[in-house]
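J.: Just so it is clear, I am handing over final.cif, which has mmCIF, C-alpha atoms.
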data_protein
loop_
_atom_site.group_PDB
_atom_site.id
_atom_site.type_symbol
_atom_site.label_atom_id
_atom_site.label_comp_id
_atom_site.auth_asym_id
_atom_site.auth_seq_id
_atom_site.Cartn_x
_atom_site.Cartn_y
_atom_site.Cartn_z
ATOM 1 C CA MET A 11 127.032 175.031 70.384
ATOM 2 C CA LYS A 12 124.965 178.054 69.385
ATOM 3 C CA ARG A 13 124.499 180.324 72.418
ATOM 4 C CA ILE A 14 126.763 181.119 75.354
ATOM 5 C CA LEU A 15 125.409 183.177 78.256
ATOM 6 C CA VAL A 16 127.757 185.474 80.157
ATOM 7 C CA PRO A 17 126.180 187.119 83.238
ATOM 8 C CA THR A 18 128.032 190.288 84.196
ATOM 9 C CA ASP A 19 128.066 192.859 86.965
ATOM 10 C CA PHE A 20 130.922 194.671 85.139
ATOM 11 C CA SER A 21 133.406 193.545 87.796
ATOM 12 C CA LYS A 22 136.924 192.285 87.111
ATOM 13 C CA GLU A 23 135.769 188.698 87.713
ATOM 14 C CA ALA A 24 132.928 189.072 85.223
ATOM 15 C CA GLN A 25 135.257 190.553 82.604
ATOM 16 C CA THR A 26 137.651 187.625 83.009
ATOM 17 C CA ALA A 27 134.760 185.205 82.468
ATOM 18 C CA ALA A 28 133.711 187.162 79.375
ATOM 19 C CA GLU A 29 137.227 186.909 77.924
ATOM 20 C CA VAL A 30 137.209 183.136 78.405
ATOM 21 C CA ALA A 31 133.712 182.918 76.898
ATOM 22 C CA SER A 32 134.813 184.917 73.857
ATOM 23 C CA GLY A 33 137.575 182.382 73.215
ATOM 24 C CA ILE A 34 135.069 179.515 73.393
ATOM 25 C CA ALA A 35 132.648 181.381 71.113
ATOM 26 C CA ARG A 36 135.379 182.014 68.567
ATOM 27 C CA LYS A 37 136.367 178.350 68.662
ATOM 28 C CA SER A 38 132.804 176.999 68.419
ATOM 29 C CA GLY A 39 131.156 179.662 66.262
ATOM 30 C CA ALA A 40 128.619 180.464 68.995
ATOM 31 C CA GLN A 41 127.083 183.839 69.747
ATOM 32 C CA LEU A 42 127.419 185.504 73.152
ATOM 33 C CA ILE A 43 124.540 186.783 75.248
ATOM 34 C CA LEU A 44 125.729 189.356 77.776
ATOM 35 C CA LEU A 45 123.308 189.634 80.672
ATOM 36 C CA HIS A 46 123.236 192.297 83.373
ATOM 37 C CA VAL A 47 120.470 192.143 85.961
ATOM 38 C CA ILE A 48 119.675 195.327 87.860
ATOM 39 C CA GLU A 49 118.730 194.399 91.384
ATOM 40 C CA GLU A 50 115.606 196.344 92.235
ATOM 41 C CA GLY A 51 115.902 197.872 95.702
ATOM 42 C CA SER A 52 113.234 197.428 98.361
ATOM 43 C CA LYS A 53 112.443 199.395 101.509
ATOM 44 C CA ASP A 54 113.398 196.406 103.667
ATOM 45 C CA SER A 55 116.829 196.138 102.066
ATOM 46 C CA VAL A 56 117.465 199.843 102.704
ATOM 47 C CA ARG A 57 116.396 199.641 106.349
ATOM 48 C CA ILE A 58 118.969 196.935 107.105
ATOM 49 C CA THR A 59 121.683 199.612 106.883
ATOM 50 C CA GLY A 60 119.784 201.891 109.234
ATOM 51 C CA GLU A 61 119.021 204.425 106.518
ATOM 52 C CA ILE A 62 115.660 206.018 105.846
ATOM 53 C CA ALA A 63 113.752 204.465 102.943
ATOM 54 C CA TYR A 64 113.362 206.497 99.756
ATOM 55 C CA ALA A 65 110.036 208.088 98.987
ATOM 56 C CA ASP A 66 108.226 206.534 95.996
ATOM 57 C CA MET A 67 109.260 209.268 93.526
ATOM 58 C CA GLU A 68 112.864 209.159 94.724
ATOM 59 C CA ASP A 69 112.831 205.375 94.260
ATOM 60 C CA LYS A 70 111.677 205.772 90.674
ATOM 61 C CA LEU A 71 114.258 208.427 89.849
ATOM 62 C CA PHE A 72 117.001 206.342 91.400
ATOM 63 C CA THR A 73 115.917 203.287 89.374
ATOM 64 C CA LEU A 74 115.812 205.293 86.132
ATOM 65 C CA LYS A 75 119.337 206.586 86.753
ATOM 66 C CA LEU A 76 120.487 203.043 87.556
ATOM 67 C CA ILE A 77 118.997 201.731 84.305
ATOM 68 C CA GLU A 78 120.623 204.504 82.266
ATOM 69 C CA ARG A 79 124.006 203.904 83.883
ATOM 70 C CA SER A 80 123.711 200.159 83.259
ATOM 71 C CA ARG A 81 122.854 200.749 79.592
ATOM 72 C CA LYS A 82 125.996 202.841 79.147
ATOM 73 C CA GLN A 83 128.122 200.252 80.966
ATOM 74 C CA MET A 84 126.687 197.455 78.835
ATOM 75 C CA ALA A 85 127.224 199.360 75.572
ATOM 76 C CA LYS A 86 130.849 200.040 76.497
ATOM 77 C CA PHE A 87 131.412 196.456 77.665
ATOM 78 C CA ALA A 88 129.925 194.973 74.473
ATOM 79 C CA GLU A 89 132.493 196.943 72.446
ATOM 80 C CA SER A 90 135.468 195.361 74.258
ATOM 81 C CA ALA A 91 138.286 194.327 71.929
ATOM 82 C CA PHE A 92 138.129 190.656 72.950
ATOM 83 C CA PHE A 93 134.610 190.412 71.449
ATOM 84 C CA SER A 94 135.930 191.297 67.982
ATOM 85 C CA GLY A 95 134.435 189.051 65.288
ATOM 86 C CA ILE A 96 131.824 187.563 67.646
ATOM 87 C CA LYS A 97 128.090 188.240 67.561
ATOM 88 C CA VAL A 98 127.247 189.816 70.928
ATOM 89 C CA ILE A 99 123.672 190.254 72.187
ATOM 90 C CA PRO A 100 123.331 192.591 75.214
ATOM 91 C CA GLU A 101 120.466 191.939 77.639
ATOM 92 C CA LEU A 102 119.366 194.128 80.570
ATOM 93 C CA ARG A 103 116.884 192.801 83.121
ATOM 94 C CA MET A 104 115.566 193.922 86.503
ATOM 95 C CA GLY A 105 114.983 191.833 89.599
ATOM 96 C CA SER A 106 116.894 188.886 91.031
ATOM 97 C CA PRO A 107 120.178 188.043 89.233
ATOM 98 C CA TYR A 108 119.637 184.305 89.657
ATOM 99 C CA HIS A 109 116.085 184.388 88.305
ATOM 100 C CA GLY A 110 117.226 186.613 85.435
ATOM 101 C CA ILE A 111 119.907 184.087 84.512
ATOM 102 C CA ARG A 112 117.483 181.170 84.766
ATOM 103 C CA THR A 113 114.927 182.962 82.578
ATOM 104 C CA ILE A 114 117.465 183.751 79.846
ATOM 105 C CA ILE A 115 118.717 180.147 79.839
ATOM 106 C CA THR A 116 115.167 178.954 79.110
ATOM 107 C CA GLU A 117 114.138 181.732 76.712
ATOM 108 C CA GLN A 118 117.277 181.646 74.584
ATOM 109 C CA LYS A 119 117.927 177.891 74.861
ATOM 110 C CA VAL A 120 121.418 178.572 76.152
ATOM 111 C CA ASP A 121 124.024 175.840 75.559
ATOM 112 C CA LEU A 122 126.632 177.043 78.074
ATOM 113 C CA VAL A 123 126.876 179.568 80.903
ATOM 114 C CA VAL A 124 130.272 181.137 81.603
ATOM 115 C CA MET A 125 130.440 183.191 84.789
ATOM 116 C CA GLY A 126 132.896 184.464 87.346
ATOM 117 C CA THR A 127 133.151 183.536 90.987
ATOM 118 C CA ALA A 128 134.993 185.523 93.615
ATOM 119 C CA GLY A 129 135.521 182.516 95.872
ATOM 120 C CA LYS A 130 134.770 182.061 99.549
ATOM 121 C CA THR A 131 137.552 184.329 100.777
ATOM 122 C CA ASP A 132 136.394 187.407 98.883
ATOM 123 C CA LEU A 133 133.771 189.803 100.241
ATOM 124 C CA ALA A 134 132.223 189.927 96.754
ATOM 125 C CA GLU A 135 131.223 186.284 97.250
ATOM 126 C CA MET A 136 128.135 187.619 99.007
ATOM 127 C CA ILE A 137 126.933 188.938 95.616
ATOM 128 C CA ILE A 138 128.753 186.954 92.952
ATOM 129 C CA GLY A 139 129.452 183.649 94.658
ATOM 130 C CA SER A 140 125.956 183.016 95.979
ATOM 131 C CA ASN A 141 124.398 183.492 92.535
ATOM 132 C CA THR A 142 127.061 181.321 90.929
ATOM 133 C CA GLU A 143 126.320 178.532 93.406
ATOM 134 C CA LYS A 144 122.607 178.690 92.605
ATOM 135 C CA VAL A 145 123.271 178.516 88.872
ATOM 136 C CA VAL A 146 125.673 175.585 89.320
ATOM 137 C CA ARG A 147 123.070 173.801 91.422
ATOM 138 C CA HIS A 148 120.034 174.359 89.182
ATOM 139 C CA ALA A 149 121.005 175.218 85.579
ATOM 140 C CA HIS A 150 119.741 172.877 82.862
ATOM 141 C CA CYS A 151 122.882 173.420 80.770
ATOM 142 C CA PRO A 152 126.621 173.152 81.481
ATOM 143 C CA VAL A 153 128.164 175.947 83.573
ATOM 144 C CA LEU A 154 131.809 177.015 83.329
ATOM 145 C CA THR A 155 132.949 179.009 86.357
ATOM 146 C CA ILE A 156 136.046 181.195 86.280
ATOM 147 C CA GLN A 157 137.788 182.451 89.419
ATOM 148 C CA ARG A 158 140.880 183.953 87.794
ATOM 149 C CA LYS A 159 142.271 184.391 84.291
ATOM 150 C CA PRO A 160 143.571 181.016 83.014
ATOM 151 C CA LEU A 161 147.227 180.769 82.032
ATOM 152 C CA ARG A 162 146.209 179.251 78.673
ATOM 153 C CA SER A 163 143.583 180.444 76.218
ATOM 154 C CA ASP A 164 142.656 176.865 75.314
ATOM 155 C CA PHE A 165 142.002 173.730 77.357
ATOM 156 C CA LYS A 166 144.555 171.043 76.491
ATOM 157 C CA ASN A 167 144.358 169.083 79.744
ATOM 158 C CA ILE A 168 140.907 168.403 81.180
ATOM 159 C CA VAL A 169 140.465 166.649 84.525
ATOM 160 C CA TYR A 170 137.218 164.685 84.516
ATOM 161 C CA ALA A 171 136.386 163.841 88.126
ATOM 162 C CA THR A 172 133.914 161.008 87.766
ATOM 163 C CA SER A 173 131.829 159.131 90.298
ATOM 164 C CA MET A 174 131.564 156.326 87.734
ATOM 165 C CA SER A 175 127.782 156.646 87.736
ATOM 166 C CA LYS A 176 125.465 155.781 84.846
ATOM 167 C CA ASP A 177 123.724 159.105 85.564
ATOM 168 C CA GLU A 178 126.739 160.879 84.038
ATOM 169 C CA GLU A 179 126.113 159.642 80.496
ATOM 170 C CA VAL A 180 124.954 163.033 79.161
ATOM 171 C CA PHE A 181 127.721 164.952 80.921
ATOM 172 C CA SER A 182 130.395 162.525 79.718
ATOM 173 C CA ARG A 183 129.439 163.376 76.135
ATOM 174 C CA ILE A 184 129.662 167.089 76.940
ATOM 175 C CA VAL A 185 133.217 166.497 78.173
ATOM 176 C CA LYS A 186 133.997 164.536 75.014
ATOM 177 C CA ARG A 187 132.801 167.430 72.833
ATOM 178 C CA ALA A 188 135.038 169.814 74.777
ATOM 179 C CA GLN A 189 137.944 167.429 74.272
ATOM 180 C CA GLU A 190 137.327 167.258 70.536
ATOM 181 C CA MET A 191 137.001 171.042 70.218
ATOM 182 C CA TYR A 192 140.375 171.639 71.873
ATOM 183 C CA ASP A 193 142.135 168.417 70.847
ATOM 184 C CA ALA A 194 142.686 167.863 74.564
ATOM 185 C CA THR A 195 143.726 165.031 76.828
ATOM 186 C CA VAL A 196 141.057 163.915 79.307
ATOM 187 C CA HIS A 197 142.388 162.757 82.660
ATOM 188 C CA LEU A 198 139.772 160.536 84.281
ATOM 189 C CA VAL A 199 140.201 160.559 88.042
ATOM 190 C CA ARG A 200 138.512 158.833 90.924
ATOM 191 C CA ILE A 201 139.202 160.247 94.404
ATOM 192 C CA ASN A 202 139.670 157.677 97.150
ATOM 193 C CA THR A 203 138.830 158.940 100.639
ATOM 194 C CA PRO A 204 138.913 157.131 104.002
ATOM 195 C CA GLY A 205 135.136 156.884 103.970
ATOM 196 C CA ASN A 206 134.776 155.988 100.301
ATOM 197 C CA PHE A 207 137.614 153.726 99.190
ATOM 198 C CA GLN A 208 137.901 151.317 96.265
ATOM 199 C CA ARG A 209 140.843 149.232 95.072
ATOM 200 C CA ASP A 210 142.928 150.734 92.260
ATOM 201 C CA ALA A 211 142.541 147.673 90.024
ATOM 202 C CA VAL A 212 138.750 147.789 90.246
ATOM 203 C CA VAL A 213 138.542 151.536 89.640
ATOM 204 C CA LYS A 214 140.978 151.568 86.721
ATOM 205 C CA LYS A 215 139.195 148.710 84.970
ATOM 206 C CA TYR A 216 135.882 150.510 85.332
ATOM 207 C CA MET A 217 137.340 153.793 84.036
ATOM 208 C CA ASN A 218 138.952 152.066 81.049
ATOM 209 C CA ASP A 219 135.623 150.419 80.206
ATOM 210 C CA PHE A 220 133.908 153.805 80.667
ATOM 211 C CA ALA A 221 136.394 155.488 78.285
ATOM 212 C CA LYS A 222 135.989 152.787 75.652
ATOM 213 C CA LYS A 223 132.199 153.065 75.792
ATOM 214 C CA LEU A 224 132.546 156.820 75.320
ATOM 215 C CA GLN A 225 135.085 156.190 72.522
ATOM 216 C CA LEU A 226 137.670 158.476 74.064
ATOM 217 C CA LYS A 227 140.936 158.419 72.130
ATOM 218 C CA ASN A 228 143.287 160.501 74.232
ATOM 219 C CA TYR A 229 142.873 159.895 77.941
ATOM 220 C CA THR A 230 144.540 158.738 81.152
ATOM 221 C CA VAL A 231 143.038 156.878 84.132
ATOM 222 C CA ASN A 232 143.980 157.936 87.635
ATOM 223 C CA VAL A 233 143.219 157.133 91.268
ATOM 224 C CA PHE A 234 144.090 159.866 93.760
ATOM 225 C CA ASN A 235 143.964 159.576 97.556
ATOM 226 C CA ASP A 236 142.933 162.456 99.813
ATOM 227 C CA ILE A 237 140.913 163.302 102.900
ATOM 228 C CA THR A 238 137.953 164.729 100.959
ATOM 229 C CA GLU A 239 136.754 164.479 97.377
ATOM 230 C CA GLU A 240 136.916 168.226 96.727
ATOM 231 C CA GLU A 241 140.485 168.561 98.032
ATOM 232 C CA GLY A 242 141.542 165.514 96.036
ATOM 233 C CA ILE A 243 140.086 166.919 92.808
ATOM 234 C CA ILE A 244 141.754 170.300 93.268
ATOM 235 C CA TYR A 245 145.143 168.851 94.272
ATOM 236 C CA PHE A 246 145.130 166.314 91.451
ATOM 237 C CA ALA A 247 144.374 169.084 88.937
ATOM 238 C CA GLU A 248 147.270 171.086 90.373
ATOM 239 C CA SER A 249 149.612 168.095 90.202
ATOM 240 C CA ILE A 250 149.162 167.764 86.413
ATOM 241 C CA ASN A 251 148.749 171.524 85.786
ATOM 242 C CA ALA A 252 145.278 170.992 84.321
ATOM 243 C CA ASP A 253 143.527 173.688 82.289
ATOM 244 C CA MET A 254 140.005 172.722 83.373
ATOM 245 C CA ILE A 255 138.154 170.552 85.877
ATOM 246 C CA ALA A 256 134.957 168.849 84.700
ATOM 247 C CA MET A 257 132.506 167.237 87.100
ATOM 248 C CA ALA A 258 128.835 166.412 87.401
ATOM 249 C CA THR A 259 126.658 167.547 90.279
ATOM 250 C CA HIS A 260 123.372 166.111 91.445
ATOM 251 C CA GLY A 261 122.082 169.573 92.349
ATOM 252 C CA ARG A 262 121.041 168.821 95.907
ATOM 253 C CA THR A 263 118.527 171.296 97.308
ATOM 254 C CA GLY A 264 116.791 172.010 100.578
ATOM 255 C CA PHE A 265 117.690 170.041 103.701
ATOM 256 C CA ALA A 266 119.628 167.431 101.727
ATOM 257 C CA HIS A 267 121.877 170.183 100.402
ATOM 258 C CA VAL A 268 122.481 171.646 103.865
ATOM 259 C CA LEU A 269 123.177 168.210 105.319
ATOM 260 C CA ALA A 270 125.476 166.831 102.634
ATOM 261 C CA GLY A 271 126.612 169.933 100.771
ATOM 262 C CA SER A 272 127.848 169.771 97.204
ATOM 263 C CA ILE A 273 131.304 168.633 96.176
ATOM 264 C CA ALA A 274 130.948 170.508 92.883
ATOM 265 C CA GLU A 275 130.111 173.793 94.634
ATOM 266 C CA ASP A 276 133.076 173.391 96.982
ATOM 267 C CA VAL A 277 135.391 172.828 94.017
ATOM 268 C CA VAL A 278 133.875 175.824 92.187
ATOM 269 C CA ASN A 279 134.461 178.063 95.206
ATOM 270 C CA HIS A 280 138.033 176.970 95.919
ATOM 271 C CA SER A 281 139.605 175.963 92.609
ATOM 272 C CA LYS A 282 141.824 178.480 90.840
ATOM 273 C CA ARG A 283 141.140 176.654 87.588
ATOM 274 C CA PRO A 284 138.024 176.867 85.386
ATOM 275 C CA VAL A 285 135.411 174.317 86.488
ATOM 276 C CA LEU A 286 132.819 172.853 84.117
ATOM 277 C CA THR A 287 129.745 171.466 85.884
ATOM 278 C CA PHE A 288 126.463 169.933 84.813
ATOM 279 C CA VAL A 289 123.467 168.892 86.886
ATOM 280 C CA VAL A 290 122.519 165.243 86.465
ATOM 281 C CA LYS A 291 119.479 163.588 87.968
ATOM 282 C CA HIS A 292 119.355 160.172 89.589
ATOM 283 C CA LYS A 293 117.504 157.710 87.421
ATOM 284 C CA LYS A 294 114.492 156.220 89.142
ATOM 285 C CA LYS A 295 114.730 152.500 89.686
#
I'd like the structure from this file rewritten - as C-alpha cells, please.
T.:
Amino acid sequence: MKRILVPTDFSKEAQTAAEVASGIARKSGAQLILLHVIEEGSKDSVRITGEIAYADMEDKLFTLKLIERSRKQMAKFAESAFFSGIKVIPELRMGSPYHGIRTIITEQKVDLVVMGTAGKTDLAEMIIGSNTEKVVRHAHCPVLTIQRKPLRSDFKNIVYATSMSKDEEVFSRIVKRAQEMYDATVHLVRINTPGNFQRDAVVKKYMNDFAKKLQLKNYTVNVFNDITEEEGIIYFAESINADMIAMATHGRTGFAHVLAGSIAEDVVNHSKRPVLTFVVKHKKK
C-alpha cells in the first residue's frame, strides 16, 4: 500500500477518520493524501433558502475568502500530532466533493480511501453521508468508512461477510492482506434470512473450501440467522466485538439501486464499527 486518501471537511467525523488512517499509514508505510473540496456556490443553491443571489463580484470575493480560510484550516489540520512521522500531502479542490474524490483516486492511483460517515440519524448525513455512499458505490479501490472512533487502534478481529461468490476473488485477497498486516483473525460469516436460506453444513463446507483456497491461517466459519442481511452482519459483529466489518458490494446504480438498494451502504450507514468495502463486478457468462 502506497497512498491512502482521506477526504475531510474538518468536522469531528473527518478527524476521526484521519486518525484511523494515520494508524494504517504508520503500519503500512503509506503516505496520506488529505483532500478538502470547496463546494462552489451557485445562484440556484442560494435561492433555495429564499435569499438574494450574490452579485458576480461579491461571489468572487466570497470564493476567495473561502479558499483562504480552507488553506489555513488544511495547514493546521496537516500539522496534527497524530500525523507525526507520516508523509502528508494536502490537496485543495473546488467543485463537487464526490467528483473531487473520484479524480484524486484516479490521478494519484490511491490504494485505500478512509472517510467518515455521520450515519442516517445525523443531520450532517445530508453532506457527509451522501458523498460517502457515492464513493462506496463507485470507487475503484477499497473504502474504509468510520462512523465513530474505534475502541482499538488495530484490527484484531475482522468480520468478512461473504456472499460466497467467485466475483469476490480480488476483495478476498484485500481482506487477507489486512489480516496479515494486523495479525488478525478473520471471521467468515454467511447471513441466513427467511428469503435466502441455506443449510449450515453446505455453507460451512463452502466457507472452509473458500478459506483453504485463499490460504487463510487464522479464521472461523459462521452462519448467522436474521431478518435481513445488513442487520445480521451488524449484530454478528457486535456479538464477537469485532474491530472491522469487511464486505464486497456490486455497486448497483440507477433504477436497480433504487429497487434493490445496497446491503453494503446500509451497513456503512448503521454500523458503529469501521466497514471496509470494495466494488466487485459480475463476471459475464
J.: Taking the file as I've supplied it (selection: the PyMOL selection byres ((chain A and resi 194) around 9)), which residues are included? Please answer as a short mmCIF file (atom, residue, chain, number, x, y, z; two decimals) with C-alpha atoms, in the coordinates of the input.
T.:
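Saved to out04.cif:
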data_model
loop_
_atom_site.label_atom_id
_atom_site.label_comp_id
_atom_site.auth_asym_id
_atom_site.auth_seq_id
_atom_site.Cartn_x
_atom_site.Cartn_y
_atom_site.Cartn_z
CA PHE A 165 142.00 173.73 77.36
CA LYS A 166 144.56 171.04 76.49
CA ASN A 167 144.36 169.08 79.74
CA ILE A 168 140.91 168.40 81.18
CA ALA A 188 135.04 169.81 74.78
CA GLN A 189 137.94 167.43 74.27
CA GLU A 190 137.33 167.26 70.54
CA MET A 191 137.00 171.04 70.22
CA TYR A 192 140.38 171.64 71.87
CA ASP A 193 142.14 168.42 70.85
CA THR A 195 143.73 165.03 76.83
CA VAL A 196 141.06 163.92 79.31
CA ASN A 228 143.29 160.50 74.23
CA TYR A 229 142.87 159.90 77.94
#
J.: For each of A:Ile250, A:Val146, A:Met84, A:Ala171, take the minimum atom-to-atom distance to Thr18 in chain A, counting only C-alpha atoms, then give the residue where this is smallest.
T.: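 The shortest atom-to-atom distance to Thr18 in chain A comes from A:Met84.
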J.: How many Å lie between CA of Lys144 in chain A and CA of Leu122 in chain A, rounded to one decimal?
T.: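 That distance, rounded to one decimal, is 15.2 Å.
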J.: Return the single residue from A:Leu76, A:Leu15, A:Val169, A:Ala24 that is closest to Ile201 in chain A, with distances computed using all atoms listed in the file.
T.: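 Looking at the shortest contact to Ile201 in chain A, the residue is A:Val169.
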J.: What's the 8 Å shell around Gly33 in chain A, counting all atoms listed in the file, without same-chain residues fewer than 4 positions away, as a count of residues only?
T.: 4
J.: Tell me, as a PyMOL selection string, which residues lie within 9 Å of Ser281 in chain A, counting all atoms listed in the file; anything in the same chain fewer than 4 positions away does not count.
T.: chain A and resi 129+156-157+244+255+276-277+285
J.: Show me, as a list in words, the residues that have an atom within 9 Å of Thr238 in chain A when counting all atoms listed in the file, minus same-chain residues fewer than 5 positions from it.
T.: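 Near Thr238 in chain A, the qualifying residues are Ile201, Asn202, Thr203, Pro204, Gly205 and Ile243 of chain A.
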J.: So how many Å separate CA of Val289 in chain A and CA of Glu101 in chain A, to one decimal?
T.: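 Taking CA of Val289 in chain A as the start and CA of Glu101 in chain A as the end point, the length is 25.0 Å.
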J.: If I take CA of Ile184 in chain A and CA of Ala256 in chain A, how far is one from the other in Å, to one decimal?
T.: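 If I compute the distance from CA of Ile184 in chain A to CA of Ala256 in chain A, I get 9.6 Å.
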J.: Choose the residue, out of A:Ser249, A:Gln118, A:Ser272, A:Thr73, that has the smallest atom-to-atom separation from Met104 in chain A; count only C-alpha atoms.
T.: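 Among A:Ser249, A:Gln118, A:Ser272, A:Thr73, it is A:Thr73 that comes nearest to Met104 in chain A.
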J.: Any chance you could work out the residue set of the PyMOL selection byres ((chain A and resi 183) around 12) here, as a short mmCIF file (atom, residue, chain, number, x, y, z; two decimals) with C-alpha atoms, in the frame of the given file?
T.:
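Output (selection.cif):
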data_model
loop_
_atom_site.label_atom_id
_atom_site.label_comp_id
_atom_site.auth_asym_id
_atom_site.auth_seq_id
_atom_site.Cartn_x
_atom_site.Cartn_y
_atom_site.Cartn_z
CA PRO A 152 126.62 173.15 81.48
CA TYR A 170 137.22 164.68 84.52
CA ASP A 177 123.72 159.10 85.56
CA GLU A 178 126.74 160.88 84.04
CA GLU A 179 126.11 159.64 80.50
CA VAL A 180 124.95 163.03 79.16
CA PHE A 181 127.72 164.95 80.92
CA SER A 182 130.40 162.52 79.72
CA ILE A 184 129.66 167.09 76.94
CA VAL A 185 133.22 166.50 78.17
CA LYS A 186 134.00 164.54 75.01
CA ARG A 187 132.80 167.43 72.83
CA ALA A 188 135.04 169.81 74.78
CA GLN A 189 137.94 167.43 74.27
CA GLU A 190 137.33 167.26 70.54
CA PHE A 220 133.91 153.80 80.67
CA ALA A 221 136.39 155.49 78.28
CA LYS A 223 132.20 153.06 75.79
CA LEU A 224 132.55 156.82 75.32
CA GLN A 225 135.08 156.19 72.52
CA LEU A 226 137.67 158.48 74.06
CA ALA A 256 134.96 168.85 84.70
CA ALA A 258 128.84 166.41 87.40
CA PHE A 288 126.46 169.93 84.81
#
J.: Would you please work out which residue, of A:Ser90, A:Ser38, A:Thr127, A:Ser106, is nearest to Ser21 in chain A when using all atoms listed in the file?
T.: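 Smallest distance to Ser21 in chain A is found for A:Thr127.
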J.: Taking all atoms listed in the file into account, which of A:Ala252, A:Val47, A:Met11, A:Ala31 comes nearest Arg81 in chain A?
T.: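 Of A:Ala252, A:Val47, A:Met11, A:Ala31, the one nearest Arg81 in chain A is A:Val47, counting all atoms listed in the file.
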J.: Closest to Leu42 in chain A among A:Asp253, A:Glu78, A:Asp121, A:Asp236, using only C-alpha atoms?
T.: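 For Leu42 in chain A, the nearest of the candidates is A:Asp121.
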J.: Report the residues retrieved by the PyMOL selection byres ((chain A and resi 234) around 7) from the displayed file, expressed as a ChimeraX atom specification.
T.: /A:199-202,232-233,235-236,242,246
J.: Residues as selected, C-alpha atoms, written as a short mmCIF file (atom, residue, chain, number, x, y, z; two decimals), keeping the file's coordinate frame, can you do that?
T.:
data_model
loop_
_atom_site.label_atom_id
_atom_site.label_comp_id
_atom_site.auth_asym_id
_atom_site.auth_seq_id
_atom_site.Cartn_x
_atom_site.Cartn_y
_atom_site.Cartn_z
CA VAL A 199 140.20 160.56 88.04
CA ARG A 200 138.51 158.83 90.92
CA ILE A 201 139.20 160.25 94.40
CA ASN A 202 139.67 157.68 97.15
CA ASN A 232 143.98 157.94 87.64
CA VAL A 233 143.22 157.13 91.27
CA ASN A 235 143.96 159.58 97.56
CA ASP A 236 142.93 162.46 99.81
CA GLY A 242 141.54 165.51 96.04
CA PHE A 246 145.13 166.31 91.45
#
J.: Excluding Val98 in chain A and its own-chain neighbours fewer than 6 positions away, which residues fall within 8 Å of it when counting only C-alpha atoms? Please give them as JSON, numbers by chain.
T.: {"A": [41, 42, 43, 44, 88]}
J.: Once 6 Å is added on each side, what are the centre and the three edge lengths, in Å to one decimal, of the axis-aligned box enclosing the listed atoms of range 180-196 of chain A? Present them as JSON.
T.:
{"center_x": 134.3, "center_y": 167.1, "center_z": 75.6, "size_x": 30.8, "size_y": 21.1, "size_z": 22.7}
J.: Would you output range 154-164 of chain A from that structure, restricted to N, CA, C and O atoms, as a PDB file, in the first residue's frame?
T.:
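Writing the result to selection_18.pdb gives the following:
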ATOM      1  N   LEU A 154     -12.659   2.454   3.441  1.00  0.00           N
ATOM      2  CA  LEU A 154     -12.886   2.177   4.854  1.00  0.00           C
ATOM      3  C   LEU A 154     -13.660   3.344   5.434  1.00  0.00           C
ATOM      4  O   LEU A 154     -13.172   4.480   5.454  1.00  0.00           O
ATOM      5  N   THR A 155     -14.885   3.084   5.886  1.00  0.00           N
ATOM      6  CA  THR A 155     -15.726   4.136   6.448  1.00  0.00           C
ATOM      7  C   THR A 155     -15.715   4.066   7.968  1.00  0.00           C
ATOM      8  O   THR A 155     -15.755   2.982   8.552  1.00  0.00           O
ATOM      9  N   ILE A 156     -15.671   5.238   8.587  1.00  0.00           N
ATOM     10  CA  ILE A 156     -15.576   5.336  10.041  1.00  0.00           C
ATOM     11  C   ILE A 156     -16.715   6.206  10.558  1.00  0.00           C
ATOM     12  O   ILE A 156     -16.838   7.371  10.180  1.00  0.00           O
ATOM     13  N   GLN A 157     -17.559   5.644  11.429  1.00  0.00           N
ATOM     14  CA  GLN A 157     -18.645   6.438  11.998  1.00  0.00           C
ATOM     15  C   GLN A 157     -18.253   7.036  13.349  1.00  0.00           C
ATOM     16  O   GLN A 157     -18.619   8.157  13.665  1.00  0.00           O
ATOM     17  N   ARG A 158     -17.504   6.287  14.134  1.00  0.00           N
ATOM     18  CA  ARG A 158     -17.039   6.794  15.427  1.00  0.00           C
ATOM     19  C   ARG A 158     -15.650   6.225  15.715  1.00  0.00           C
ATOM     20  O   ARG A 158     -15.229   5.256  15.092  1.00  0.00           O
ATOM     21  N   LYS A 159     -14.956   6.810  16.656  1.00  0.00           N
ATOM     22  CA  LYS A 159     -13.595   6.379  16.963  1.00  0.00           C
ATOM     23  C   LYS A 159     -13.598   4.946  17.473  1.00  0.00           C
ATOM     24  O   LYS A 159     -14.293   4.624  18.443  1.00  0.00           O
ATOM     25  N   PRO A 160     -12.833   4.047  16.827  1.00  0.00           N
ATOM     26  CA  PRO A 160     -12.789   2.642  17.272  1.00  0.00           C
ATOM     27  C   PRO A 160     -12.184   2.528  18.668  1.00  0.00           C
ATOM     28  O   PRO A 160     -11.368   3.354  19.081  1.00  0.00           O
ATOM     29  N   LEU A 161     -12.587   1.485  19.387  1.00  0.00           N
ATOM     30  CA  LEU A 161     -12.053   1.256  20.726  1.00  0.00           C
ATOM     31  C   LEU A 161     -10.604   0.809  20.676  1.00  0.00           C
ATOM     32  O   LEU A 161      -9.837   1.045  21.601  1.00  0.00           O
ATOM     33  N   ARG A 162     -10.208   0.161  19.553  1.00  0.00           N
ATOM     34  CA  ARG A 162      -8.837  -0.325  19.392  1.00  0.00           C
ATOM     35  C   ARG A 162      -8.171   0.395  18.227  1.00  0.00           C
ATOM     36  O   ARG A 162      -8.822   0.783  17.266  1.00  0.00           O
ATOM     37  N   SER A 163      -6.864   0.563  18.334  1.00  0.00           N
ATOM     38  CA  SER A 163      -6.115   1.238  17.273  1.00  0.00           C
ATOM     39  C   SER A 163      -5.682   0.270  16.179  1.00  0.00           C
ATOM     40  O   SER A 163      -5.178   0.684  15.142  1.00  0.00           O
ATOM     41  N   ASP A 164      -5.868  -1.037  16.428  1.00  0.00           N
ATOM     42  CA  ASP A 164      -5.575  -2.021  15.383  1.00  0.00           C
ATOM     43  C   ASP A 164      -6.818  -2.900  15.170  1.00  0.00           C
ATOM     44  O   ASP A 164      -7.811  -2.775  15.870  1.00  0.00           O
TER      45      ASP A 164
END
